[in-house]
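Below is one structure, written out as structure tokens, with a few remarks after it.
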Amino acid sequence: MPQATPEVKQRIEELRQLLQRASYAYYVLDNPVMEDAVYDQLYRELQELETQYPELVTPESPTQRVGEQPASQFSSVRHNIPLYSLENAFNIEEFAKWQERWQRYAPSQKEFAYVCELKIDGNALALTYENGVLVRGVTRGDGVTGEEITQNVRTIRSIPLRLHVDQPPDVVEVRGEAFLALDVFEQINQEREQAGEQLFANPRNSAAGTLRQLDSRVVASRRLDFFAYTLHLGSQQLEVAPPQSQWEALELLQKLGFPVNPHRQVCASLQEVQQYYESWDLQRRSLPYMTDGVVVKLNSLTLQEQLGSTQKFPRWAIALKYPAEEAPTRVEKITINVGRTGALTPLAHLQPVQLAGTTVQRATLHNSDFIAQLDVRVGDTVIVRKAGEIIPEVVRVLPELRPYGTQPFQMPRDCPVCHQPVVRPHGEAVTRCLNTSCPAILKGALTHWASRNALDINGLGEKIVEQLVDKRVVSSVADLYDLTLEQLASLERLGKKSAQNLLVAIANSQNQPWSRVLYGLGIRHIGSVNADILAQKFPTVELLAGASLAQIEGVYGIGPEIAQSVCSWFQVPSNQTLIARLKQARVQLSAQNLTTTEPSSQSLSSKTFVITGTLPTLKRDEAKQLIQKAGGKVTNTVSSKTDYLVVGEDAGSKLEKAQSLGISQLNQAQLLKLLAPRQGNNYPVEKG
């Protein structure tokens, strides 16, 4: 092993400092100071040096955020300082009563102020730094004992691995909230839906499930974020004056390198707290993350210490929560939906009810365990809410309103579509139909194959798919490439011209890239992102089909469950036949003929776009692909990090948010003009 020279050690330290400053500017200050391409280049240089000199790798190096090998389990850790939850108030009257209670413990305190902070709907973490370096991350647990998840915490890029001070104290403890941004949550659920997995009900559940992943590589891929809100220094001295108030503590947390929620405010009275609470009840839906209330703390740290805590809560803080929007309705029937992976999902059909501005008529009941836990029955009156204000869910049953004679719901023993026996695999909550010839599975496979992110076959919608399967015209996706004009023209609501267009779309799909084909195959747990990763590592179907479990699992971002799913899929004889038939149909099963746009890939590498409304001639996915081909990023949420908002007709709240933040707006013509010189392609740039 080569011996590191002083010059190498100096360069490694220099790279670490550069990358840490860049991450701090991007994730904490929201003010990038370095191009993404430059960051990537420096990161690779550091990675190569650390690979060459492994003895120089340290826990706080930016390269250690990528995730470690899976842990066998988490160990329990006792908190040095109890991590209490907060007492809740649900209106200003309850808050006033809390104020009266704490004042009884400090009757001489006539002048005081509060600090109001948004209550982020996430999961509490306790972080310990020794000599400025992150050494431990622990969940709340029961408030006294939590689980150590340090290797997962290291993957959260907004959490500093080293404090931003030259002379740190021996020990610093920081508390804060780990959470998922809404656009990341939506992306995760899209991936789970595409992979045939159960959706997360809300961002908080998704964040909690992510933090408890034994494989920290999965945690790294899900892009958790973090806001700090409490600092414990003890009697130690910093190179700056120690804070005397909650407000000063929050400012010091920022100086130490932590992100702190920017929407905080000092309030001098109950009335000001009420104004803050009510104003954010109106504004919170425009935030890029979920918040379910306001945390109110006494500003004076001396007064906080004087008041102390009960056995459950600190006396000096309270969560003033917004009431969850819930509504009662009645279960009219429960049906079973069979998905493309064979999963049987029970669905509650509800008496229509208004919730969060929309009419809710259906809610998923997830699986048999969920139904049994709530004891949901047809005829029951249930309470429904929008989980995270996104997905309708049944919260509880009101048994006192249950009609006489109702019976517990039982999952069917046979598939309701093909009538073959169903199974519940060991260790899974989902019941599945395993009949690959099941019409429901085939319809789902065809619809998935034709979807925008897969082969993008325009015109092959659910109605056409149903006819093709019901009339036994096709029995696999490979049959699509044998269809004739006469077969298609004979379908209902499909004239000769439409049939010709569909044949052209099917033929065009033969040229879709290998990554899209891989995604279109519908392998369990393989969403579009995982398909891209695997297609880059295994650029032909032969390489992927012949790869060992260890080779697939060794790909960054691909865990053991995904690897096993891929290996198992390629071992099924019917799937091997499908691949052979797709080869005969000249579908792209390799990346060998794909061209790259390397020079243009960096042209918009530091730019972030959001698309809203309907564009004149481009589908939203098409516009997204053009931007990504030029190296830009496309997100779903407008924030201060957004560079451009692409605006079409019927633009909604995103346009208002962009205007308030002073973000540049582009119509389709302006977008194409921006992209054309970078792409080197002749896109139809409109006038105007």
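Identifiers in the structure tokens: chain A, B, ... in order shown; residue index from 1 per chain; ligand index from 1 in order shown.
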Residues within 9 Å of stretch 169-181 of chain A, only C-alpha atoms, excluding chain neighbours under 6 positions, as a VMD selection string: chain A and resid 83 120 to 132 156 203 to 204 206 to 208 211 222 to 234 236 to 239 253 260 288 to 290 637
Save out the residues we just selected, N, CA and C atoms, as a short mmCIF file (atom, residue, chain, number, x, y, z; two decimals), in the first residue's frame.
```cif
data_model
loop_
_atom_site.label_atom_id
_atom_site.label_comp_id
_atom_site.auth_asym_id
_atom_site.auth_seq_id
_atom_site.Cartn_x
_atom_site.Cartn_y
_atom_site.Cartn_z
N LEU A 83 -35.52 13.13 25.53
CA LEU A 83 -36.03 13.76 24.32
C LEU A 83 -37.56 13.73 24.41
N ILE A 120 -42.62 20.88 11.99
CA ILE A 120 -42.39 20.03 10.82
C ILE A 120 -42.90 18.63 11.10
N ASP A 121 -43.66 18.09 10.17
CA ASP A 121 -44.25 16.76 10.36
C ASP A 121 -43.24 15.70 9.93
N GLY A 122 -42.32 15.39 10.85
CA GLY A 122 -41.27 14.43 10.55
C GLY A 122 -40.95 13.58 11.75
N ASN A 123 -39.68 13.30 11.96
CA ASN A 123 -39.24 12.42 13.03
C ASN A 123 -38.06 13.05 13.77
N ALA A 124 -38.17 13.09 15.10
CA ALA A 124 -37.15 13.74 15.92
C ALA A 124 -35.87 12.92 15.96
N LEU A 125 -34.74 13.64 15.93
CA LEU A 125 -33.42 13.01 16.03
C LEU A 125 -32.60 13.75 17.09
N ALA A 126 -31.74 13.02 17.78
CA ALA A 126 -30.75 13.60 18.68
C ALA A 126 -29.37 13.30 18.11
N LEU A 127 -28.60 14.35 17.84
CA LEU A 127 -27.29 14.22 17.22
C LEU A 127 -26.21 14.62 18.22
N THR A 128 -25.20 13.79 18.35
CA THR A 128 -24.09 14.07 19.27
C THR A 128 -22.81 14.31 18.48
N TYR A 129 -22.12 15.42 18.81
CA TYR A 129 -20.85 15.76 18.18
C TYR A 129 -19.77 15.77 19.26
N GLU A 130 -18.68 15.08 19.00
CA GLU A 130 -17.53 15.09 19.89
C GLU A 130 -16.35 15.72 19.17
N ASN A 131 -15.81 16.76 19.79
CA ASN A 131 -14.72 17.53 19.16
C ASN A 131 -15.10 17.99 17.75
N GLY A 132 -16.37 18.29 17.60
CA GLY A 132 -16.85 18.85 16.34
C GLY A 132 -17.27 17.85 15.30
N ILE A 156 -27.87 12.06 5.38
CA ILE A 156 -28.71 13.25 5.24
C ILE A 156 -27.80 14.45 4.99
N PRO A 203 -45.86 11.77 4.19
CA PRO A 203 -44.41 11.97 4.27
C PRO A 203 -43.80 11.56 5.61
N ARG A 204 -44.55 11.73 6.70
CA ARG A 204 -43.99 11.38 8.00
C ARG A 204 -43.74 9.87 8.10
N SER A 206 -43.27 7.88 5.64
CA SER A 206 -42.19 7.58 4.71
C SER A 206 -40.84 7.89 5.33
N ALA A 207 -40.74 9.04 6.02
CA ALA A 207 -39.49 9.40 6.67
C ALA A 207 -39.14 8.42 7.78
N ALA A 208 -40.15 8.02 8.57
CA ALA A 208 -39.91 7.08 9.66
C ALA A 208 -39.43 5.74 9.12
N LEU A 211 -35.78 6.11 7.91
CA LEU A 211 -34.78 6.18 8.97
C LEU A 211 -34.47 4.82 9.58
N ARG A 222 -33.12 8.24 -0.76
CA ARG A 222 -34.43 8.87 -0.54
C ARG A 222 -34.35 10.34 -0.14
N ARG A 223 -33.19 10.89 -0.01
CA ARG A 223 -32.97 12.33 0.12
C ARG A 223 -33.77 12.96 1.27
N LEU A 224 -33.59 12.42 2.47
CA LEU A 224 -34.17 13.04 3.66
C LEU A 224 -33.57 14.43 3.88
N ASP A 225 -34.34 15.29 4.55
CA ASP A 225 -33.86 16.63 4.89
C ASP A 225 -33.96 16.80 6.41
N PHE A 226 -33.51 17.95 6.91
CA PHE A 226 -33.41 18.12 8.35
C PHE A 226 -33.49 19.60 8.72
N PHE A 227 -34.21 19.90 9.81
CA PHE A 227 -34.18 21.22 10.44
C PHE A 227 -33.78 21.04 11.91
N ALA A 228 -32.81 21.82 12.36
CA ALA A 228 -32.40 21.78 13.76
C ALA A 228 -33.23 22.79 14.56
N TYR A 229 -33.52 22.45 15.85
CA TYR A 229 -34.30 23.38 16.66
C TYR A 229 -33.86 23.48 18.12
N THR A 230 -32.96 22.62 18.58
CA THR A 230 -32.52 22.68 19.98
C THR A 230 -31.01 22.43 20.04
N LEU A 231 -30.33 23.19 20.92
CA LEU A 231 -28.88 23.07 21.09
C LEU A 231 -28.58 22.90 22.58
N HIS A 232 -27.81 21.84 22.91
CA HIS A 232 -27.38 21.59 24.29
C HIS A 232 -25.86 21.68 24.36
N LEU A 233 -25.38 22.68 25.08
CA LEU A 233 -23.94 22.90 25.21
C LEU A 233 -23.40 22.56 26.59
N GLY A 234 -24.28 22.47 27.58
CA GLY A 234 -23.81 22.28 28.94
C GLY A 234 -23.05 23.52 29.41
N GLN A 236 -19.92 24.14 28.58
CA GLN A 236 -18.75 24.33 27.72
C GLN A 236 -18.76 25.70 27.05
N GLN A 237 -17.59 26.13 26.67
CA GLN A 237 -17.44 27.43 26.03
C GLN A 237 -17.20 27.26 24.53
N LEU A 238 -17.80 28.15 23.77
CA LEU A 238 -17.58 28.20 22.33
C LEU A 238 -16.71 29.41 22.02
N GLU A 239 -16.25 29.47 20.77
CA GLU A 239 -15.47 30.64 20.35
C GLU A 239 -16.37 31.85 20.14
N LEU A 253 -27.08 27.75 15.90
CA LEU A 253 -27.17 26.49 15.16
C LEU A 253 -26.83 26.70 13.68
N VAL A 260 -31.90 25.74 9.75
CA VAL A 260 -32.94 26.11 10.71
C VAL A 260 -34.11 26.66 9.91
N PRO A 288 -43.02 23.53 0.71
CA PRO A 288 -42.56 22.31 0.03
C PRO A 288 -42.45 21.10 0.96
N TYR A 289 -42.93 21.21 2.21
CA TYR A 289 -42.90 20.12 3.17
C TYR A 289 -44.15 20.22 4.03
N MET A 290 -44.45 19.16 4.78
CA MET A 290 -45.65 19.13 5.59
C MET A 290 -45.39 19.77 6.96
N THR A 637 -41.91 21.06 -7.00
CA THR A 637 -42.24 22.10 -6.03
C THR A 637 -41.42 23.36 -6.28
#
```
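Close contacts of stretch 84-93 of chain A, defined as residues with an atom at most 6 Å away when counting only C-alpha atoms, with chain neighbours fewer than 5 positions off set aside, comprise Gly143, Phe313, Ile318, Ala319, Leu320 and Lys321 of chain A.
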Helix (DSSP H, G or I) residues, from DSSP on the backbone, in stretch 484-668 of chain A, as an mmCIF file with C-alpha atoms, in the first residue's frame:
```cif
data_model
loop_
_atom_site.group_PDB
_atom_site.id
_atom_site.type_symbol
_atom_site.label_atom_id
_atom_site.label_comp_id
_atom_site.auth_asym_id
_atom_site.auth_seq_id
_atom_site.Cartn_x
_atom_site.Cartn_y
_atom_site.Cartn_z
ATOM 1 C CA LEU A 485 -54.409 -3.176 -39.026
ATOM 2 C CA GLU A 486 -57.460 -5.433 -39.403
ATOM 3 C CA GLN A 487 -57.246 -6.642 -35.793
ATOM 4 C CA LEU A 488 -57.037 -3.109 -34.410
ATOM 5 C CA ALA A 489 -59.663 -1.623 -36.739
ATOM 6 C CA LYS A 496 -58.979 2.728 -39.407
ATOM 7 C CA LYS A 497 -57.099 6.014 -39.022
ATOM 8 C CA SER A 498 -56.723 5.578 -35.249
ATOM 9 C CA ALA A 499 -55.660 1.969 -35.797
ATOM 10 C CA GLN A 500 -52.973 3.122 -38.247
ATOM 11 C CA ASN A 501 -51.715 5.710 -35.734
ATOM 12 C CA LEU A 502 -51.561 3.068 -33.013
ATOM 13 C CA LEU A 503 -49.562 0.733 -35.232
ATOM 14 C CA VAL A 504 -47.091 3.555 -35.903
ATOM 15 C CA ALA A 505 -46.817 4.250 -32.141
ATOM 16 C CA ILE A 506 -46.160 0.549 -31.465
ATOM 17 C CA ALA A 507 -43.482 0.491 -34.162
ATOM 18 C CA ASN A 508 -41.858 3.638 -32.760
ATOM 19 C CA SER A 509 -41.673 2.016 -29.335
ATOM 20 C CA GLN A 510 -39.116 -0.446 -30.752
ATOM 21 C CA ASN A 511 -36.593 2.411 -30.634
ATOM 22 C CA TRP A 514 -33.009 -0.108 -22.999
ATOM 23 C CA SER A 515 -33.647 1.561 -19.626
ATOM 24 C CA ARG A 516 -37.287 2.220 -20.579
ATOM 25 C CA VAL A 517 -37.725 -1.325 -21.817
ATOM 26 C CA LEU A 518 -36.321 -2.658 -18.537
ATOM 27 C CA TYR A 519 -38.758 -0.514 -16.601
ATOM 28 C CA GLY A 520 -41.589 -1.587 -18.915
ATOM 29 C CA SER A 528 -37.813 4.051 -13.559
ATOM 30 C CA VAL A 529 -34.887 5.257 -11.408
ATOM 31 C CA ASN A 530 -33.709 1.722 -10.583
ATOM 32 C CA ALA A 531 -34.124 0.784 -14.248
ATOM 33 C CA ASP A 532 -31.822 3.654 -15.257
ATOM 34 C CA ILE A 533 -29.227 2.566 -12.687
ATOM 35 C CA LEU A 534 -29.286 -1.071 -13.817
ATOM 36 C CA ALA A 535 -29.273 -0.195 -17.527
ATOM 37 C CA GLN A 536 -26.124 1.876 -17.039
ATOM 38 C CA LYS A 537 -24.364 -0.914 -15.139
ATOM 39 C CA VAL A 541 -30.231 -7.676 -21.434
ATOM 40 C CA GLU A 542 -27.758 -10.574 -21.699
ATOM 41 C CA LEU A 543 -25.436 -8.944 -19.152
ATOM 42 C CA LEU A 544 -28.284 -8.311 -16.721
ATOM 43 C CA ALA A 545 -29.856 -11.753 -17.177
ATOM 44 C CA GLY A 546 -26.478 -13.413 -16.645
ATOM 45 C CA LEU A 549 -27.166 -11.893 -7.215
ATOM 46 C CA ALA A 550 -23.973 -10.456 -5.698
ATOM 47 C CA GLN A 551 -23.167 -8.481 -8.867
ATOM 48 C CA ILE A 552 -26.608 -6.861 -8.980
ATOM 49 C CA GLU A 553 -26.695 -6.206 -5.249
ATOM 50 C CA PRO A 560 -30.823 -7.181 -1.701
ATOM 51 C CA GLU A 561 -34.625 -7.268 -2.166
ATOM 52 C CA ILE A 562 -34.388 -5.561 -5.571
ATOM 53 C CA ALA A 563 -31.476 -7.765 -6.641
ATOM 54 C CA GLN A 564 -33.353 -10.930 -5.675
ATOM 55 C CA SER A 565 -36.417 -9.756 -7.591
ATOM 56 C CA VAL A 566 -34.372 -9.177 -10.771
ATOM 57 C CA CYS A 567 -32.576 -12.532 -10.533
ATOM 58 C CA SER A 568 -35.818 -14.400 -9.889
ATOM 59 C CA TRP A 569 -37.563 -12.706 -12.819
ATOM 60 C CA PHE A 570 -34.953 -13.755 -15.363
ATOM 61 C CA GLN A 571 -35.057 -17.363 -14.108
ATOM 62 C CA PRO A 573 -39.072 -19.677 -18.326
ATOM 63 C CA SER A 574 -42.019 -17.599 -19.546
ATOM 64 C CA ASN A 575 -39.999 -14.426 -18.998
ATOM 65 C CA GLN A 576 -37.082 -15.887 -20.937
ATOM 66 C CA THR A 577 -39.521 -16.599 -23.776
ATOM 67 C CA LEU A 578 -40.771 -13.009 -23.587
ATOM 68 C CA ILE A 579 -37.218 -11.631 -23.935
ATOM 69 C CA ALA A 580 -36.610 -13.883 -26.937
ATOM 70 C CA ARG A 581 -39.796 -12.673 -28.616
ATOM 71 C CA LEU A 582 -38.958 -9.014 -27.904
ATOM 72 C CA LYS A 583 -35.579 -9.583 -29.581
ATOM 73 C CA GLN A 584 -37.383 -10.936 -32.640
ATOM 74 C CA SER A 600 -24.710 19.696 -23.672
ATOM 75 C CA SER A 601 -25.178 17.644 -20.514
ATOM 76 C CA GLN A 602 -23.435 20.305 -18.463
ATOM 77 C CA ARG A 620 -45.043 17.584 -19.701
ATOM 78 C CA ASP A 621 -42.883 14.442 -19.788
ATOM 79 C CA GLU A 622 -41.463 15.518 -23.171
ATOM 80 C CA ALA A 623 -40.511 18.935 -21.793
ATOM 81 C CA LYS A 624 -38.975 17.250 -18.754
ATOM 82 C CA GLN A 625 -36.863 14.965 -20.949
ATOM 83 C CA LEU A 626 -35.605 17.894 -23.045
ATOM 84 C CA ILE A 627 -34.547 19.768 -19.919
ATOM 85 C CA GLN A 628 -32.846 16.717 -18.441
ATOM 86 C CA LYS A 629 -31.061 15.998 -21.712
ATOM 87 C CA SER A 653 -50.594 28.122 -7.312
ATOM 88 C CA LYS A 654 -47.048 27.373 -8.519
ATOM 89 C CA LEU A 655 -47.175 30.505 -10.679
ATOM 90 C CA GLU A 656 -48.206 32.636 -7.704
ATOM 91 C CA LYS A 657 -45.425 31.140 -5.593
ATOM 92 C CA ALA A 658 -42.862 31.784 -8.345
ATOM 93 C CA GLN A 659 -44.006 35.392 -8.712
ATOM 94 C CA SER A 660 -43.699 35.958 -4.972
ATOM 95 C CA LEU A 661 -40.123 34.597 -5.049
ATOM 96 C CA GLN A 668 -42.894 26.917 -24.293
#
```
Close residues, stretch 442-452 of chain A itself excluded, 8 Å, only C-alpha atoms, min 4 positions apart in chain, as a ChimeraX atom specification: /A:339-341,436-438,456-458,460-462,465-466,469,475-477,517,520-522,621
Output file for the selection above: all heavy atoms, as a compact mmCIF listing (two decimals), in the first residue's frame:
```
# COMPACT_ATOMS: atom_id res chain seq x y z
N GLY A 339 -53.77 -5.85 -9.14
CA GLY A 339 -52.78 -5.05 -9.84
C GLY A 339 -51.92 -5.88 -10.78
O GLY A 339 -52.03 -7.11 -10.83
N ARG A 340 -51.03 -5.20 -11.47
CA ARG A 340 -50.20 -5.88 -12.48
C ARG A 340 -49.20 -6.84 -11.86
O ARG A 340 -48.67 -7.73 -12.54
CB ARG A 340 -49.48 -4.86 -13.35
CG ARG A 340 -48.46 -4.02 -12.63
CD ARG A 340 -47.73 -3.09 -13.59
NE ARG A 340 -46.79 -2.25 -12.88
CZ ARG A 340 -45.56 -2.62 -12.54
NH1 ARG A 340 -45.14 -3.82 -12.86
NH2 ARG A 340 -44.76 -1.80 -11.89
N THR A 341 -48.90 -6.69 -10.56
CA THR A 341 -48.00 -7.63 -9.89
C THR A 341 -48.78 -8.76 -9.22
O THR A 341 -48.19 -9.59 -8.53
CB THR A 341 -47.16 -6.91 -8.82
OG1 THR A 341 -48.03 -6.38 -7.80
CG2 THR A 341 -46.35 -5.78 -9.43
N THR A 436 -49.82 -16.00 -13.95
CA THR A 436 -49.30 -14.99 -14.88
C THR A 436 -50.22 -14.78 -16.07
O THR A 436 -50.08 -13.80 -16.80
CB THR A 436 -47.90 -15.40 -15.38
OG1 THR A 436 -47.98 -16.71 -15.96
CG2 THR A 436 -46.90 -15.41 -14.24
N SER A 437 -51.18 -15.72 -16.28
CA SER A 437 -52.15 -15.57 -17.37
C SER A 437 -53.41 -14.85 -16.91
O SER A 437 -54.35 -14.72 -17.71
CB SER A 437 -52.51 -16.94 -17.95
OG SER A 437 -51.37 -17.59 -18.47
N CYS A 438 -53.45 -14.43 -15.67
CA CYS A 438 -54.63 -13.73 -15.16
C CYS A 438 -54.88 -12.48 -16.00
O CYS A 438 -53.96 -11.67 -16.20
CB CYS A 438 -54.41 -13.34 -13.70
SG CYS A 438 -55.74 -12.32 -13.01
N ASP A 456 -44.02 4.29 -23.88
CA ASP A 456 -44.72 5.50 -24.32
C ASP A 456 -45.47 5.27 -25.65
O ASP A 456 -45.23 5.94 -26.65
CB ASP A 456 -43.74 6.67 -24.46
CG ASP A 456 -44.46 8.02 -24.62
OD1 ASP A 456 -45.65 8.09 -24.24
OD2 ASP A 456 -43.84 8.97 -25.10
N ILE A 457 -46.39 4.30 -25.64
CA ILE A 457 -47.18 3.99 -26.83
C ILE A 457 -48.46 4.80 -26.79
O ILE A 457 -49.44 4.43 -26.13
CB ILE A 457 -47.47 2.48 -26.91
CG1 ILE A 457 -46.16 1.68 -26.88
CG2 ILE A 457 -48.26 2.16 -28.18
CD1 ILE A 457 -46.35 0.18 -26.88
N ASN A 458 -48.46 5.92 -27.48
CA ASN A 458 -49.60 6.83 -27.49
C ASN A 458 -50.80 6.15 -28.17
O ASN A 458 -50.68 5.64 -29.28
CB ASN A 458 -49.24 8.12 -28.22
CG ASN A 458 -50.32 9.17 -28.11
OD1 ASN A 458 -51.03 9.22 -27.11
ND2 ASN A 458 -50.47 10.00 -29.13
N LEU A 460 -52.53 3.57 -26.81
CA LEU A 460 -52.80 2.27 -26.19
C LEU A 460 -53.23 2.50 -24.74
O LEU A 460 -52.47 2.29 -23.80
CB LEU A 460 -51.56 1.38 -26.26
CG LEU A 460 -51.77 -0.09 -25.83
CD1 LEU A 460 -52.81 -0.76 -26.69
CD2 LEU A 460 -50.46 -0.86 -25.90
N GLY A 461 -54.47 2.95 -24.59
CA GLY A 461 -55.00 3.23 -23.26
C GLY A 461 -55.71 2.03 -22.67
O GLY A 461 -55.75 0.94 -23.26
N GLU A 462 -56.29 2.22 -21.49
CA GLU A 462 -56.91 1.11 -20.76
C GLU A 462 -58.07 0.49 -21.53
O GLU A 462 -58.25 -0.73 -21.50
CB GLU A 462 -57.37 1.60 -19.38
CG GLU A 462 -56.21 1.94 -18.44
CD GLU A 462 -56.70 2.31 -17.05
OE1 GLU A 462 -57.92 2.22 -16.81
OE2 GLU A 462 -55.86 2.70 -16.22
N VAL A 465 -56.66 -1.71 -24.22
CA VAL A 465 -56.03 -2.87 -23.58
C VAL A 465 -57.08 -3.87 -23.13
O VAL A 465 -56.92 -5.09 -23.32
CB VAL A 465 -55.16 -2.41 -22.39
CG1 VAL A 465 -54.79 -3.60 -21.50
CG2 VAL A 465 -53.90 -1.72 -22.87
N GLU A 466 -58.16 -3.38 -22.53
CA GLU A 466 -59.22 -4.29 -22.07
C GLU A 466 -59.78 -5.11 -23.23
O GLU A 466 -60.00 -6.33 -23.11
CB GLU A 466 -60.34 -3.48 -21.40
CG GLU A 466 -59.98 -2.98 -20.02
CD GLU A 466 -61.14 -2.23 -19.37
OE1 GLU A 466 -62.24 -2.23 -19.97
OE2 GLU A 466 -60.95 -1.65 -18.29
N VAL A 469 -57.30 -7.83 -24.47
CA VAL A 469 -57.21 -8.99 -23.56
C VAL A 469 -58.52 -9.77 -23.55
O VAL A 469 -58.53 -11.00 -23.66
CB VAL A 469 -56.84 -8.53 -22.14
CG1 VAL A 469 -56.87 -9.71 -21.17
CG2 VAL A 469 -55.45 -7.90 -22.14
N SER A 475 -51.74 -12.02 -25.59
CA SER A 475 -51.54 -12.73 -24.33
C SER A 475 -50.24 -12.33 -23.65
O SER A 475 -49.90 -12.85 -22.59
CB SER A 475 -51.56 -14.25 -24.56
OG SER A 475 -50.54 -14.62 -25.47
N SER A 476 -49.47 -11.40 -24.28
CA SER A 476 -48.26 -10.85 -23.66
C SER A 476 -47.91 -9.56 -24.38
O SER A 476 -48.46 -9.27 -25.46
CB SER A 476 -47.08 -11.83 -23.74
OG SER A 476 -46.45 -11.76 -25.01
N VAL A 477 -46.99 -8.78 -23.83
CA VAL A 477 -46.62 -7.52 -24.46
C VAL A 477 -45.96 -7.77 -25.82
O VAL A 477 -46.04 -6.94 -26.72
CB VAL A 477 -45.68 -6.68 -23.56
CG1 VAL A 477 -46.39 -6.28 -22.29
CG2 VAL A 477 -44.39 -7.43 -23.25
N VAL A 517 -37.24 0.04 -21.61
CA VAL A 517 -37.73 -1.33 -21.82
C VAL A 517 -37.63 -2.11 -20.52
O VAL A 517 -38.56 -2.83 -20.13
CB VAL A 517 -36.91 -2.02 -22.93
CG1 VAL A 517 -37.35 -3.48 -23.08
CG2 VAL A 517 -37.08 -1.28 -24.25
N GLY A 520 -40.32 -1.11 -18.38
CA GLY A 520 -41.59 -1.59 -18.92
C GLY A 520 -41.84 -3.06 -18.66
O GLY A 520 -43.00 -3.50 -18.68
N LEU A 521 -40.79 -3.86 -18.41
CA LEU A 521 -40.98 -5.28 -18.15
C LEU A 521 -41.78 -5.53 -16.88
O LEU A 521 -42.34 -6.61 -16.70
CB LEU A 521 -39.62 -5.98 -18.06
CG LEU A 521 -38.82 -6.08 -19.37
CD1 LEU A 521 -37.45 -6.65 -19.11
CD2 LEU A 521 -39.57 -6.91 -20.40
N GLY A 522 -41.84 -4.53 -16.00
CA GLY A 522 -42.69 -4.65 -14.81
C GLY A 522 -42.13 -5.56 -13.74
O GLY A 522 -42.89 -6.16 -12.97
N ASP A 621 -44.02 15.36 -19.84
CA ASP A 621 -42.88 14.44 -19.79
C ASP A 621 -41.88 14.75 -20.89
O ASP A 621 -40.67 14.59 -20.70
CB ASP A 621 -43.37 12.99 -19.92
CG ASP A 621 -43.88 12.44 -18.60
OD1 ASP A 621 -43.76 13.16 -17.60
OD2 ASP A 621 -44.39 11.32 -18.59
```
From A:Cys415, A:Leu355, A:Leu307, A:Ala113, residue lying nearest A:Arg385 [only C-alpha atoms]: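 Distance minimum relative to A:Arg385 lands on A:Leu355.
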Point-to-point distance in Å for atom CA of A:Ile441 and atom CA of A:Arg586: 24.3 Å
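Using only C-alpha atoms, the shortest contact distance between A:Thr58 and any of A:Gln306, A:Phe74, A:Asp482, A:Ile12 is found at A:Ile12.
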Atom pair atom CA of A:Leu15 / atom CA of A:Leu250: separation (Å):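 Computing the Euclidean distance for atom CA of A:Leu15 and atom CA of A:Leu250 yields 28.6 Å.
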Residues flagged strand (DSSP E or B) by DSSP in stretch 505-657 of chain A, as a PyMOL selection string: chain A and resi 540+590+608-612+614+633-635+644-647+649
Between atom CA of A:Val135 and atom CA of A:Arg44 - distance in Å to one decimal: 24.6 Å
